[in-house]
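Chemist: Sharing run.tsv here; it has TSV, C-alpha atoms and all ligand atoms.
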```
chain	number	residue	atom	x	y	z
A	1	MET	CA	10.27	-46.05	-51.32
A	2	ARG	CA	10.46	-42.25	-51.55
A	3	ASP	CA	10.68	-40.35	-54.78
A	4	ASP	CA	13.27	-37.64	-55.38
A	5	ARG	CA	10.99	-35.14	-53.62
A	6	GLY	CA	10.69	-37.33	-50.53
A	7	ARG	CA	7.08	-38.30	-51.21
A	8	VAL	CA	5.76	-41.71	-50.19
A	9	TYR	CA	3.44	-43.60	-52.52
A	10	LEU	CA	0.84	-45.78	-50.78
A	11	ASP	CA	-1.83	-45.98	-53.48
A	12	TYR	CA	-0.87	-49.30	-55.06
A	13	HIS	CA	-4.53	-50.16	-55.77
A	14	ALA	CA	-4.81	-47.23	-58.18
A	15	THR	CA	-1.67	-48.16	-60.07
A	16	THR	CA	1.76	-49.55	-59.35
A	17	PRO	CA	5.20	-48.33	-60.37
A	18	VAL	CA	6.58	-50.35	-63.27
A	19	ASP	CA	9.20	-52.88	-62.18
A	20	PRO	CA	12.54	-51.64	-63.60
A	21	ARG	CA	13.12	-55.10	-65.15
A	22	VAL	CA	9.79	-54.71	-66.96
A	23	ALA	CA	10.56	-51.14	-68.00
A	24	GLU	CA	13.84	-52.34	-69.55
A	25	LEU	CA	12.00	-54.90	-71.68
A	26	VAL	CA	9.34	-52.34	-72.68
A	27	LEU	CA	12.09	-49.96	-73.80
A	28	HIS	CA	13.78	-52.76	-75.76
A	29	HIS	CA	10.52	-53.36	-77.64
A	30	MET	CA	10.11	-49.65	-78.30
A	31	VAL	CA	13.53	-48.83	-79.66
A	32	SER	CA	15.16	-52.11	-80.83
A	33	ALA	CA	12.67	-54.97	-81.28
A	34	PHE	CA	9.96	-52.57	-82.44
A	35	GLY	CA	8.35	-54.65	-85.19
A	36	ASN	CA	4.64	-55.02	-85.80
A	37	ALA	CA	3.52	-58.42	-84.54
A	38	GLY	CA	1.38	-58.73	-87.68
A	39	SER	CA	4.34	-58.32	-90.09
A	40	ALA	CA	4.92	-61.86	-91.31
A	41	ASP	CA	7.42	-60.82	-94.02
A	42	HIS	CA	10.50	-60.05	-91.94
A	43	ALA	CA	12.40	-60.84	-88.78
A	44	PHE	CA	11.29	-57.68	-86.96
A	45	GLY	CA	7.71	-58.89	-87.18
A	46	ASP	CA	8.71	-62.44	-86.18
A	47	GLU	CA	10.48	-61.10	-83.11
A	48	ALA	CA	7.43	-59.05	-82.09
A	49	ALA	CA	5.11	-62.01	-82.65
A	50	ALA	CA	7.38	-64.22	-80.53
A	51	ALA	CA	7.24	-61.64	-77.72
A	52	ILE	CA	3.42	-61.72	-77.83
A	53	ASP	CA	3.35	-65.54	-77.75
A	54	SER	CA	5.70	-65.66	-74.82
A	55	ALA	CA	3.68	-63.00	-72.94
A	56	ALA	CA	0.48	-64.99	-73.57
A	57	LEU	CA	2.08	-68.05	-71.95
A	58	ASP	CA	3.15	-66.08	-68.88
A	59	VAL	CA	-0.14	-64.23	-68.43
A	60	ALA	CA	-2.14	-67.44	-68.91
A	61	ALA	CA	0.00	-69.32	-66.38
A	62	LEU	CA	-0.88	-66.84	-63.66
A	63	VAL	CA	-4.56	-67.81	-63.82
A	64	GLY	CA	-4.49	-71.43	-64.99
A	65	GLY	CA	-5.07	-70.83	-68.71
A	66	ARG	CA	-3.34	-71.76	-71.96
A	67	ALA	CA	-1.69	-69.24	-74.28
A	68	GLU	CA	-4.58	-69.58	-76.73
A	69	ASP	CA	-7.02	-68.52	-73.99
A	70	VAL	CA	-5.48	-65.03	-73.79
A	71	LEU	CA	-6.86	-61.93	-75.50
A	72	PHE	CA	-4.79	-58.80	-74.95
A	73	THR	CA	-6.77	-55.59	-74.50
A	74	SER	CA	-6.20	-51.96	-73.57
A	75	GLY	CA	-6.85	-52.80	-69.92
A	76	ALA	CA	-9.28	-54.49	-67.57
A	77	THR	CA	-12.10	-52.11	-68.50
A	78	GLU	CA	-12.10	-53.22	-72.12
A	79	ALA	CA	-11.85	-56.91	-71.19
A	80	ILE	CA	-14.83	-56.51	-68.86
A	81	ASN	CA	-16.84	-54.74	-71.59
A	82	MET	CA	-15.98	-57.58	-73.94
A	83	VAL	CA	-17.37	-60.23	-71.59
A	84	LEU	CA	-20.50	-58.29	-70.69
A	85	LYS	CA	-21.40	-57.02	-74.15
A	86	GLY	CA	-19.87	-59.73	-76.31
A	87	HIS	CA	-22.03	-62.70	-75.36
A	88	ARG	CA	-23.67	-64.48	-78.28
A	89	PRO	CA	-27.37	-64.96	-77.66
A	90	GLU	CA	-28.56	-68.53	-78.21
A	91	PRO	CA	-30.36	-68.82	-81.53
A	92	GLY	CA	-34.10	-68.20	-81.22
A	93	ARG	CA	-33.83	-66.92	-77.68
A	94	ARG	CA	-36.24	-64.13	-76.78
A	95	ARG	CA	-35.41	-63.15	-73.22
A	96	ARG	CA	-32.75	-60.64	-72.27
A	97	PHE	CA	-29.27	-61.59	-71.06
A	98	ARG	CA	-29.35	-62.02	-67.29
A	99	ILE	CA	-26.41	-60.87	-65.22
A	100	ALA	CA	-26.01	-61.26	-61.45
A	101	VAL	CA	-23.50	-58.86	-60.01
A	102	SER	CA	-21.95	-58.10	-56.65
A	103	PRO	CA	-22.67	-54.48	-55.60
A	104	THR	CA	-18.99	-54.07	-54.69
A	105	GLU	CA	-17.73	-54.61	-58.25
A	106	HIS	CA	-15.58	-51.96	-59.93
A	107	SER	CA	-17.46	-49.32	-61.92
A	108	ALA	CA	-16.13	-50.94	-65.12
A	109	VAL	CA	-18.58	-53.77	-64.34
A	110	LEU	CA	-21.38	-51.82	-62.64
A	111	GLN	CA	-21.57	-49.00	-65.18
A	112	THR	CA	-21.41	-51.37	-68.14
A	113	CYS	CA	-24.24	-53.42	-66.63
A	114	ALA	CA	-26.22	-50.24	-65.98
A	115	ALA	CA	-25.72	-49.06	-69.57
A	116	MET	CA	-26.81	-52.48	-70.90
A	117	ALA	CA	-29.90	-52.46	-68.68
A	118	ARG	CA	-30.80	-48.93	-69.82
A	119	GLY	CA	-30.48	-50.01	-73.44
A	120	GLY	CA	-32.68	-53.05	-72.81
A	121	ALA	CA	-29.82	-55.48	-73.54
A	122	ALA	CA	-29.65	-57.06	-70.09
A	123	GLU	CA	-31.50	-57.68	-66.88
A	124	ILE	CA	-29.37	-57.14	-63.80
A	125	THR	CA	-29.71	-58.82	-60.40
A	126	VAL	CA	-27.67	-57.24	-57.63
A	127	LEU	CA	-26.43	-59.85	-55.16
A	128	ARG	CA	-26.31	-59.25	-51.41
A	129	VAL	CA	-22.99	-58.84	-49.64
A	130	ASP	CA	-22.25	-59.12	-45.95
A	131	GLY	CA	-20.45	-56.54	-43.80
A	132	ARG	CA	-17.07	-57.78	-45.00
A	133	GLY	CA	-17.96	-57.67	-48.68
A	134	HIS	CA	-18.64	-61.37	-49.36
A	135	VAL	CA	-21.50	-62.59	-51.54
A	136	ASP	CA	-23.67	-65.40	-50.22
A	137	LEU	CA	-22.91	-68.64	-52.09
A	138	ASN	CA	-26.47	-69.85	-51.54
A	139	GLU	CA	-27.75	-66.77	-53.32
A	140	VAL	CA	-25.28	-67.33	-56.16
A	141	ALA	CA	-26.60	-70.90	-56.47
A	142	ALA	CA	-30.18	-69.62	-56.39
A	143	VAL	CA	-29.66	-67.08	-59.21
A	144	CYS	CA	-27.87	-69.73	-61.27
A	145	ALA	CA	-30.77	-72.15	-60.74
A	146	ASP	CA	-33.15	-69.36	-61.73
A	147	GLY	CA	-31.65	-69.00	-65.21
A	148	CYS	CA	-28.96	-66.38	-64.80
A	149	ASP	CA	-26.46	-66.28	-67.71
A	150	LEU	CA	-23.45	-64.63	-66.11
A	151	VAL	CA	-22.26	-64.08	-62.54
A	152	CYS	CA	-19.81	-61.23	-61.80
A	153	VAL	CA	-17.87	-61.42	-58.55
A	154	MET	CA	-14.42	-59.85	-58.45
A	155	ALA	CA	-11.51	-61.87	-57.03
A	156	ALA	CA	-10.38	-59.08	-54.71
A	157	ASN	CA	-11.95	-55.72	-54.05
A	158	ASN	CA	-10.08	-52.56	-55.02
A	159	GLU	CA	-11.26	-50.56	-52.00
A	160	ILE	CA	-11.50	-52.90	-49.02
A	161	GLY	CA	-9.30	-55.71	-50.33
A	162	THR	CA	-11.77	-58.50	-49.55
A	163	ILE	CA	-10.76	-61.72	-51.29
A	164	ALA	CA	-13.73	-63.68	-52.65
A	165	SER	CA	-14.13	-67.46	-52.58
A	166	VAL	CA	-13.43	-67.60	-56.30
A	167	ASP	CA	-12.89	-71.36	-56.46
A	168	ALA	CA	-16.26	-72.04	-54.83
A	169	ILE	CA	-18.00	-69.53	-57.13
A	170	ALA	CA	-16.31	-70.99	-60.22
A	171	THR	CA	-17.31	-74.52	-59.19
A	172	LEU	CA	-20.90	-73.46	-58.61
A	173	THR	CA	-21.33	-71.50	-61.83
A	174	HIS	CA	-19.66	-74.30	-63.79
A	175	GLN	CA	-22.08	-76.87	-62.31
A	176	PHE	CA	-24.98	-74.79	-63.59
A	177	GLY	CA	-23.32	-74.03	-66.95
A	178	VAL	CA	-23.41	-70.31	-66.12
A	179	GLY	CA	-20.60	-67.93	-67.11
A	180	TYR	CA	-18.37	-66.49	-64.38
A	181	LEU	CA	-16.76	-63.09	-64.98
A	182	CYS	CA	-13.98	-62.85	-62.43
A	183	ASP	CA	-12.37	-59.42	-62.39
A	184	ALA	CA	-8.94	-60.28	-61.03
A	185	SER	CA	-7.41	-56.85	-61.69
A	186	GLN	CA	-6.45	-56.42	-58.04
A	187	ALA	CA	-5.90	-60.09	-57.20
A	188	GLY	CA	-3.74	-61.05	-60.18
A	189	GLY	CA	-0.15	-61.55	-59.06
A	190	ARG	CA	-1.09	-61.01	-55.41
A	191	ILE	CA	-2.90	-64.23	-54.56
A	192	PRO	CA	-2.64	-67.62	-56.26
A	193	LEU	CA	-5.31	-68.02	-58.96
A	194	ARG	CA	-3.63	-70.85	-60.82
A	195	THR	CA	-6.76	-72.93	-61.54
A	196	LEU	CA	-9.39	-70.27	-62.29
A	197	VAL	CA	-9.45	-70.59	-66.08
A	198	GLU	CA	-9.40	-74.40	-65.85
A	199	GLN	CA	-12.55	-73.98	-63.78
A	200	ASP	CA	-14.12	-72.20	-66.76
A	201	ALA	CA	-14.03	-68.63	-65.40
A	202	LEU	CA	-13.62	-65.61	-67.70
A	203	VAL	CA	-10.72	-63.91	-65.94
A	204	VAL	CA	-9.80	-60.25	-66.37
A	205	LEU	CA	-6.33	-58.87	-65.58
A	206	SER	CA	-4.69	-55.45	-65.75
A	207	ALA	CA	-0.92	-55.03	-66.17
A	208	HIS	CA	-0.64	-51.75	-64.27
A	209	LYS	CA	-1.87	-53.34	-61.06
A	210	MET	CA	1.04	-55.82	-61.09
A	211	TYR	CA	4.07	-53.65	-61.78
A	212	GLY	CA	3.49	-53.66	-65.53
A	213	PRO	CA	2.66	-50.74	-67.82
A	214	GLN	CA	-0.65	-48.84	-67.93
A	215	GLY	CA	-2.95	-49.37	-70.90
A	216	VAL	CA	-2.60	-53.17	-71.19
A	217	GLY	CA	-4.87	-55.89	-69.89
A	218	ALA	CA	-6.19	-59.29	-70.80
A	219	LEU	CA	-9.18	-61.52	-70.84
A	220	VAL	CA	-8.18	-65.12	-70.19
A	221	SER	CA	-10.82	-67.71	-70.89
A	222	ALA	CA	-11.38	-71.05	-72.55
A	223	ARG	CA	-14.81	-69.69	-73.52
A	224	MET	CA	-13.40	-67.02	-75.81
A	225	LYS	CA	-15.19	-68.41	-78.87
A	226	SER	CA	-18.54	-67.71	-77.21
A	227	LEU	CA	-17.79	-63.96	-77.34
A	228	ARG	CA	-18.26	-61.56	-80.25
A	229	PRO	CA	-15.51	-59.02	-80.90
A	230	LEU	CA	-16.11	-55.47	-79.68
A	231	ILE	CA	-13.56	-53.92	-82.04
A	232	HIS	CA	-13.63	-54.68	-85.76
A	233	GLY	CA	-10.92	-54.15	-88.33
A	234	GLY	CA	-7.85	-56.26	-89.08
A	235	GLU	CA	-7.41	-59.92	-88.25
A	236	GLN	CA	-5.16	-59.39	-85.24
A	237	GLN	CA	-5.59	-61.86	-82.35
A	238	HIS	CA	-7.46	-64.27	-84.66
A	239	GLY	CA	-10.04	-61.60	-85.48
A	240	ARG	CA	-11.13	-61.37	-81.85
A	241	ARG	CA	-9.82	-57.81	-81.36
A	242	ALA	CA	-8.70	-55.71	-84.27
A	243	GLY	CA	-5.86	-53.21	-84.03
A	244	THR	CA	-2.07	-53.38	-84.01
A	245	LEU	CA	-0.94	-55.06	-80.85
A	246	ASN	CA	0.82	-52.95	-78.25
A	247	VAL	CA	3.97	-55.09	-78.36
A	248	PRO	CA	6.02	-53.16	-75.76
A	249	GLY	CA	3.06	-53.12	-73.37
A	250	VAL	CA	2.16	-56.76	-73.88
A	251	ALA	CA	5.77	-57.92	-73.57
A	252	GLY	CA	6.03	-55.91	-70.35
A	253	PHE	CA	2.79	-57.42	-69.09
A	254	GLY	CA	4.14	-60.92	-69.78
A	255	LEU	CA	7.32	-60.29	-67.82
A	256	ALA	CA	5.39	-58.60	-65.00
A	257	ALA	CA	3.16	-61.70	-64.77
A	258	ARG	CA	6.17	-64.05	-64.75
A	259	LEU	CA	7.87	-62.04	-62.01
A	260	ARG	CA	4.67	-62.03	-59.95
A	261	ASP	CA	4.38	-65.77	-60.25
A	262	ALA	CA	7.93	-66.17	-58.96
A	263	GLU	CA	7.97	-63.42	-56.32
A	264	MET	CA	4.37	-63.11	-55.11
A	265	ASP	CA	4.63	-65.32	-52.04
A	266	ALA	CA	7.69	-63.62	-50.56
A	267	ASP	CA	6.51	-60.11	-51.46
A	268	GLU	CA	3.01	-60.49	-50.12
A	269	GLY	CA	4.18	-61.94	-46.79
A	270	ARG	CA	6.47	-58.97	-46.21
A	271	ILE	CA	3.81	-56.47	-47.34
A	272	ALA	CA	1.22	-58.00	-44.97
A	273	ARG	CA	3.60	-57.58	-42.03
A	274	LEU	CA	4.07	-53.89	-42.83
A	275	ARG	CA	0.31	-53.39	-43.26
A	276	ASP	CA	-0.40	-55.15	-39.97
A	277	ALA	CA	2.09	-52.92	-38.14
A	278	LEU	CA	0.44	-49.78	-39.53
A	279	GLN	CA	-3.02	-51.09	-38.69
A	280	ALA	CA	-1.97	-51.92	-35.11
A	281	ARG	CA	-0.60	-48.41	-34.68
A	282	PHE	CA	-3.79	-46.76	-35.94
A	283	LEU	CA	-5.95	-48.95	-33.72
A	284	ALA	CA	-3.81	-48.08	-30.70
A	285	GLU	CA	-3.71	-44.34	-31.35
A	286	ILE	CA	-7.01	-43.34	-32.95
A	287	PRO	CA	-10.11	-43.88	-30.83
A	288	ASP	CA	-13.03	-45.72	-32.50
A	289	LEU	CA	-11.10	-46.34	-35.71
A	290	LYS	CA	-12.73	-48.90	-37.96
A	291	VAL	CA	-10.88	-51.24	-40.28
A	292	ASN	CA	-13.00	-52.21	-43.29
A	293	GLY	CA	-12.95	-55.48	-45.21
A	294	ASP	CA	-12.34	-59.04	-44.07
A	295	PRO	CA	-9.36	-59.32	-41.71
A	296	ASN	CA	-9.14	-63.04	-42.54
A	297	ALA	CA	-9.37	-62.73	-46.32
A	298	ARG	CA	-7.84	-59.46	-47.42
A	299	LEU	CA	-5.16	-58.43	-49.89
A	300	ALA	CA	-1.84	-58.10	-48.07
A	301	GLY	CA	-1.37	-54.53	-49.26
A	302	ASN	CA	-4.84	-53.28	-48.39
A	303	LEU	CA	-5.69	-51.16	-45.40
A	304	ASN	CA	-9.04	-49.38	-45.56
A	305	ILE	CA	-9.72	-47.41	-42.40
A	306	ALA	CA	-12.44	-45.03	-41.33
A	307	PHE	CA	-12.12	-42.28	-38.76
A	308	PRO	CA	-15.57	-41.59	-37.31
A	309	GLY	CA	-16.68	-38.00	-37.88
A	310	ILE	CA	-13.34	-36.92	-39.40
A	311	PRO	CA	-13.87	-35.99	-43.07
A	312	ASN	CA	-11.38	-37.87	-45.23
A	313	GLY	CA	-10.92	-34.85	-47.52
A	314	ALA	CA	-9.61	-32.81	-44.59
A	315	VAL	CA	-7.13	-35.54	-43.68
A	316	ILE	CA	-5.94	-35.93	-47.29
A	317	ALA	CA	-5.50	-32.15	-47.60
A	318	ARG	CA	-3.09	-32.23	-44.66
A	319	VAL	CA	-0.94	-35.12	-45.91
A	320	ARG	CA	-1.05	-34.98	-49.67
A	321	VAL	CA	2.20	-33.09	-50.19
A	322	ARG	CA	4.18	-35.95	-48.65
A	323	LEU	CA	1.91	-38.98	-48.84
A	324	ALA	CA	-0.14	-40.52	-51.67
A	325	ILE	CA	-3.17	-42.36	-50.31
A	326	ALA	CA	-6.78	-42.23	-51.49
A	327	THR	CA	-10.31	-41.63	-50.33
A	328	GLY	CA	-11.45	-44.45	-52.62
A	329	ALA	CA	-11.14	-45.81	-56.14
A	330	ALA	CA	-9.12	-43.67	-58.56
A	331	CYS	CA	-11.95	-43.74	-61.09
A	332	ALA	CA	-14.22	-42.14	-58.46
A	333	SER	CA	-11.60	-39.61	-57.37
A	334	GLY	CA	-13.08	-36.14	-57.15
A	335	ILE	CA	-16.59	-37.53	-56.69
A	336	GLU	CA	-17.90	-36.32	-53.35
A	337	ALA	CA	-20.40	-39.16	-52.79
A	338	PRO	CA	-19.38	-41.92	-50.35
A	339	SER	CA	-18.04	-45.07	-51.97
A	340	HIS	CA	-20.57	-47.57	-53.31
A	341	VAL	CA	-18.48	-50.36	-51.79
A	342	LEU	CA	-18.63	-48.95	-48.27
A	343	ARG	CA	-22.35	-48.35	-48.66
A	344	ALA	CA	-22.87	-51.91	-49.88
A	345	ILE	CA	-21.14	-53.38	-46.82
A	346	GLY	CA	-23.41	-51.23	-44.64
A	347	LEU	CA	-20.77	-48.96	-43.12
A	348	ALA	CA	-22.49	-46.59	-40.68
A	349	ASP	CA	-22.90	-42.93	-41.66
A	350	PRO	CA	-20.35	-41.33	-39.32
A	351	TYR	CA	-17.67	-43.58	-40.84
A	352	LEU	CA	-18.66	-43.21	-44.49
A	353	ASP	CA	-17.08	-39.79	-44.96
A	354	GLY	CA	-14.01	-40.70	-42.98
A	355	ALA	CA	-12.77	-43.61	-45.06
A	356	LEU	CA	-9.23	-43.78	-46.39
A	357	ARG	CA	-7.66	-46.40	-48.62
A	358	ILE	CA	-4.01	-47.16	-48.09
A	359	GLY	CA	-2.34	-49.46	-50.59
A	360	LEU	CA	1.08	-50.97	-49.96
A	361	GLY	CA	3.19	-52.77	-52.53
A	362	LYS	CA	6.51	-54.22	-53.53
A	363	TRP	CA	8.55	-51.11	-52.82
A	364	SER	CA	6.88	-50.05	-49.57
A	365	THR	CA	9.33	-49.89	-46.67
A	366	ALA	CA	9.13	-49.78	-42.88
A	367	GLU	CA	10.21	-46.11	-43.07
A	368	ASP	CA	7.29	-45.33	-45.42
A	369	ILE	CA	4.89	-46.95	-43.01
A	370	GLU	CA	6.28	-45.03	-40.09
A	371	LEU	CA	5.96	-41.73	-41.94
A	372	ALA	CA	2.42	-42.58	-43.08
A	373	GLY	CA	1.47	-43.41	-39.49
A	374	ASP	CA	2.97	-40.14	-38.16
A	375	LEU	CA	1.32	-37.98	-40.82
A	376	LEU	CA	-2.11	-39.59	-40.63
A	377	ILE	CA	-2.30	-39.65	-36.85
A	378	ASP	CA	-1.25	-35.99	-36.70
A	379	ALA	CA	-3.77	-35.07	-39.38
A	380	ALA	CA	-6.61	-36.95	-37.66
A	381	ARG	CA	-5.80	-35.22	-34.35
A	382	SER	CA	-5.57	-31.78	-35.91
A	383	VAL	CA	-8.89	-32.16	-37.79
A	384	THR	CA	-10.54	-33.44	-34.61
A	385	ALA	CA	-9.24	-30.44	-32.64
A	386	MET	CA	-10.46	-28.07	-35.34
A	387	LEU	CA	-13.96	-29.57	-35.34
A	388	ARG	CA	-14.34	-29.43	-31.58
B	1	LIG	N1	-11.30	-53.61	-62.03
B	1	LIG	C1	-10.71	-53.29	-60.88
B	1	LIG	C2	-11.00	-54.11	-59.65
B	1	LIG	C3	-9.82	-52.22	-60.81
B	1	LIG	O1	-9.25	-51.90	-59.65
B	1	LIG	C4	-9.57	-51.49	-61.99
B	1	LIG	C5	-8.67	-50.31	-61.97
B	1	LIG	O2	-8.83	-49.39	-61.22
B	1	LIG	C6	-10.22	-51.85	-63.17
B	1	LIG	C7	-11.08	-52.92	-63.15
B	1	LIG	C8	-9.98	-51.11	-64.46
B	1	LIG	O3	-8.69	-51.43	-64.91
B	1	LIG	P1	-8.00	-50.72	-66.15
B	1	LIG	O4	-7.41	-49.47	-65.61
B	1	LIG	O5	-6.94	-51.68	-66.61
B	1	LIG	O6	-9.04	-50.50	-67.18
```
Could you take the file, read its structure, and then write that structure out as structure tokens?
Modeler:
Amino acid sequence: MRDDRGRVYLDYHATTPVDPRVAELVLHHMVSAFGNAGSADHAFGDEAAAAIDSAALDVAALVGGRAEDVLFTSGATEAINMVLKGHRPEPGRRRRFRIAVSPTEHSAVLQTCAAMARGGAAEITVLRVDGRGHVDLNEVAAVCADGCDLVCVMAANNEIGTIASVDAIATLTHQFGVGYLCDASQAGGRIPLRTLVEQDALVVLSAHKMYGPQGVGALVSARMKSLRPLIHGGEQQHGRRAGTLNVPGVAGFGLAARLRDAEMDADEGRIARLRDALQARFLAEIPDLKVNGDPNARLAGNLNIAFPGIPNGAVIARVRVRLAIATGAACASGIEAPSHVLRAIGLADPYLDGALRIGLGKWSTAEDIELAGDLLIDAARSVTAMLR
């Protein structure tokens, strides 16, 4: 898909365009069915409340929860903060909250853990990951046996696309009675997660990663009662998060989730074929190119490549007028340091500065992929020639 200026968007991990069907519903809830979901005294409020209930059903269904397991938030970041900071310490307990975390988690998890550790509120164990970004299940079992309170392993990584063995992790943590924070911001609506909440995980989703609007997310968990609210005020969402609900955003999120449930399989198969074609072309035309992540367990739309010795900034500078791709996570954009994810998987130095993240999605076309291939191969060759 090109925009009206002919630019191609391949940064679907950062955010996705809103599905026009979703945008139509969002608009309807902004200009027609605009009631406050808390207004119990008239039909406008009833209509808004019904939209929230229906969205809760659809969002819950995507991850194996019930409508009452859903808490709508301003995004995945807030939902993650809620799980990490909202735990209720057992009465009489002296020791600090213990969290075991994968080093490849999003900064919403890592920075919140770091802030809690600095403030003395938590003790953090960083798990090992292998070269493809997978945690070791034996180590997860060991930290659980050792008295850990919460394990954080994301369902799919936002840089290298690695898909974790979430069912195995959920089973393990459940056996030990340990909480499992599963950040499914990237995985939600892309891979089936239809039993995660039943397996007792605390699942985090973000609407703008699944063709819904920005600024809406959810925590879905049957353990909600074990969490304290982060935001105090009115009694919205049963007192678990105060503040007027973002009805247009939540309604849009619900529809986006329902559409993903129905269309994910077909979309992801097509997207994977496009990604594989682009990957094959890069491997054939760029010497020593490295593809990061797990080729056997990777998001269909993810292609993270590294050109050895070719600075990614120089490549981006050459393509950015026509092509939107990224050097890494959007929240780290502008930060010169190599990505913490690539460091954690042990990527060798010459590759670290040459990494590029390409993210395909529902509206990516074969023509987009061809243009991206042409532009990136040209850019890599021209930077190489310049550095010689
Ligand atoms: N977790 C992951 C894996 C993400 O990719 C993102 C977004 O970049 C977030 C959390 C934060 O999501 P939000 O923008 O909804 O706060």
Chemist: Using all atoms listed in the file, what are the residues with an atom within 10 Å of ligand LIG 1 (chain B), set out as number ranges by chain?
Modeler: A: 12-15, 73-81, 104-109, 154-159, 161, 182-187, 204-209, 213-218, 329-332
Chemist: Which distance in Å separates atom CA of Met30 of chain A and atom CA of Met82 of chain A, to one decimal?
Modeler: 27.6 Å
Chemist: What is the atom CA of Arg357 of chain A to atom CA of Gly212 of chain A distance in Å?
Modeler: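 Atom CA of Gly212 of chain A lies at a distance of 21.5 Å from atom CA of Arg357 of chain A.
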Chemist: Check the smallest atom-to-atom distance from each of A:His340, A:Gly188, A:Val178, A:Ala48 to Arg258 of chain A using all atoms listed in the file, then report the winner.
Modeler: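 Nearest to Arg258 of chain A: A:Gly188.
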Chemist: Need to verify the contact set: Ala348 of chain A, 12 Å, all atoms listed in the file, exclusion of same-chain residues closer than 3 positions in sequence. Can you return it as a count of residues only?
Modeler: 17
Chemist: List every residue of segment 264-313 of chain A that has an atom at most 10 Å from any atom of segment 368-388 of chain A, giving for each one its closest atom pair and the distance in Å to one decimal, counting only C-alpha atoms, sorted by chain and then by ascending residue number, as JSON lines.
Modeler:
```
{"residue": "A:Leu274", "atom": "CA", "partner": "A:Ile369", "partner_atom": "CA", "distance": 7.0}
{"residue": "A:Arg275", "atom": "CA", "partner": "A:Ile369", "partner_atom": "CA", "distance": 7.9}
{"residue": "A:Ala277", "atom": "CA", "partner": "A:Ile369", "partner_atom": "CA", "distance": 8.2}
{"residue": "A:Leu278", "atom": "CA", "partner": "A:Ile369", "partner_atom": "CA", "distance": 6.3}
{"residue": "A:Gln279", "atom": "CA", "partner": "A:Gly373", "partner_atom": "CA", "distance": 8.9}
{"residue": "A:Arg281", "atom": "CA", "partner": "A:Gly373", "partner_atom": "CA", "distance": 7.2}
{"residue": "A:Phe282", "atom": "CA", "partner": "A:Gly373", "partner_atom": "CA", "distance": 7.2}
{"residue": "A:Glu285", "atom": "CA", "partner": "A:Ile377", "partner_atom": "CA", "distance": 7.4}
{"residue": "A:Ile286", "atom": "CA", "partner": "A:Ile377", "partner_atom": "CA", "distance": 7.1}
{"residue": "A:Phe307", "atom": "CA", "partner": "A:Ala380", "partner_atom": "CA", "distance": 7.7}
{"residue": "A:Pro308", "atom": "CA", "partner": "A:Thr384", "partner_atom": "CA", "distance": 10.0}
{"residue": "A:Gly309", "atom": "CA", "partner": "A:Thr384", "partner_atom": "CA", "distance": 8.3}
{"residue": "A:Ile310", "atom": "CA", "partner": "A:Thr384", "partner_atom": "CA", "distance": 6.5}
{"residue": "A:Pro311", "atom": "CA", "partner": "A:Val383", "partner_atom": "CA", "distance": 8.2}
{"residue": "A:Asn312", "atom": "CA", "partner": "A:Ala380", "partner_atom": "CA", "distance": 9.0}
```
Chemist: To one decimal in Å, tell me the separation between atom CA of Arg98 of chain A and atom CA of Ala122 of chain A.
Modeler: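 That distance, rounded to one decimal, is 5.7 Å.
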Chemist: Within 8 Å of (0.2, -39.5, -47.1) (coordinates as in the file), grab all the protein and nucleic acid residues, counting all atoms listed in the file, and write them out as a list in words.
Modeler: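 Residues satisfying the cut-off, written out: Val8, Tyr9, Leu10, Ile316, Val319, Arg320, Val321, Arg322, Leu323, Ala324, Ile325, Ala372, Leu375 and Leu376 of chain A.
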Chemist: Neighbours of segment 83-97 of chain A within 7 Å (only C-alpha atoms; same-chain residues fewer than 6 positions away dropped), as an mmCIF file with C-alpha atoms, in the coordinates of the input?
Modeler:
```
data_model
loop_
_atom_site.group_PDB
_atom_site.id
_atom_site.type_symbol
_atom_site.label_atom_id
_atom_site.label_comp_id
_atom_site.auth_asym_id
_atom_site.auth_seq_id
_atom_site.Cartn_x
_atom_site.Cartn_y
_atom_site.Cartn_z
ATOM 1 C CA ALA A 121 -29.820 -55.480 -73.540
ATOM 2 C CA ALA A 122 -29.650 -57.060 -70.090
ATOM 3 C CA GLU A 123 -31.500 -57.680 -66.880
ATOM 4 C CA ASP A 149 -26.460 -66.280 -67.710
ATOM 5 C CA SER A 226 -18.540 -67.710 -77.210
ATOM 6 C CA LEU A 227 -17.790 -63.960 -77.340
ATOM 7 C CA ARG A 228 -18.260 -61.560 -80.250
ATOM 8 C CA PRO A 229 -15.510 -59.020 -80.900
ATOM 9 C CA LEU A 230 -16.110 -55.470 -79.680
#
```
Chemist: I'd like a table as JSON lines: residues in segment 291-322 of chain A with an atom no more than 12 Å from segment 164-168 of chain A, each row giving the shortest atom pair and its distance in Å to one decimal, all atoms listed in the file counted, sorted by chain and rising residue number.
Modeler:
```
{"residue": "A:Gly293", "atom": "CA", "partner": "A:Ala164", "partner_atom": "CA", "distance": 11.1}
{"residue": "A:Asp294", "atom": "CA", "partner": "A:Ala164", "partner_atom": "CA", "distance": 9.9}
{"residue": "A:Asn296", "atom": "CA", "partner": "A:Ala164", "partner_atom": "CA", "distance": 11.1}
{"residue": "A:Ala297", "atom": "CA", "partner": "A:Ala164", "partner_atom": "CA", "distance": 7.7}
{"residue": "A:Arg298", "atom": "CA", "partner": "A:Ala164", "partner_atom": "CA", "distance": 8.9}
{"residue": "A:Leu299", "atom": "CA", "partner": "A:Ala164", "partner_atom": "CA", "distance": 10.4}
```
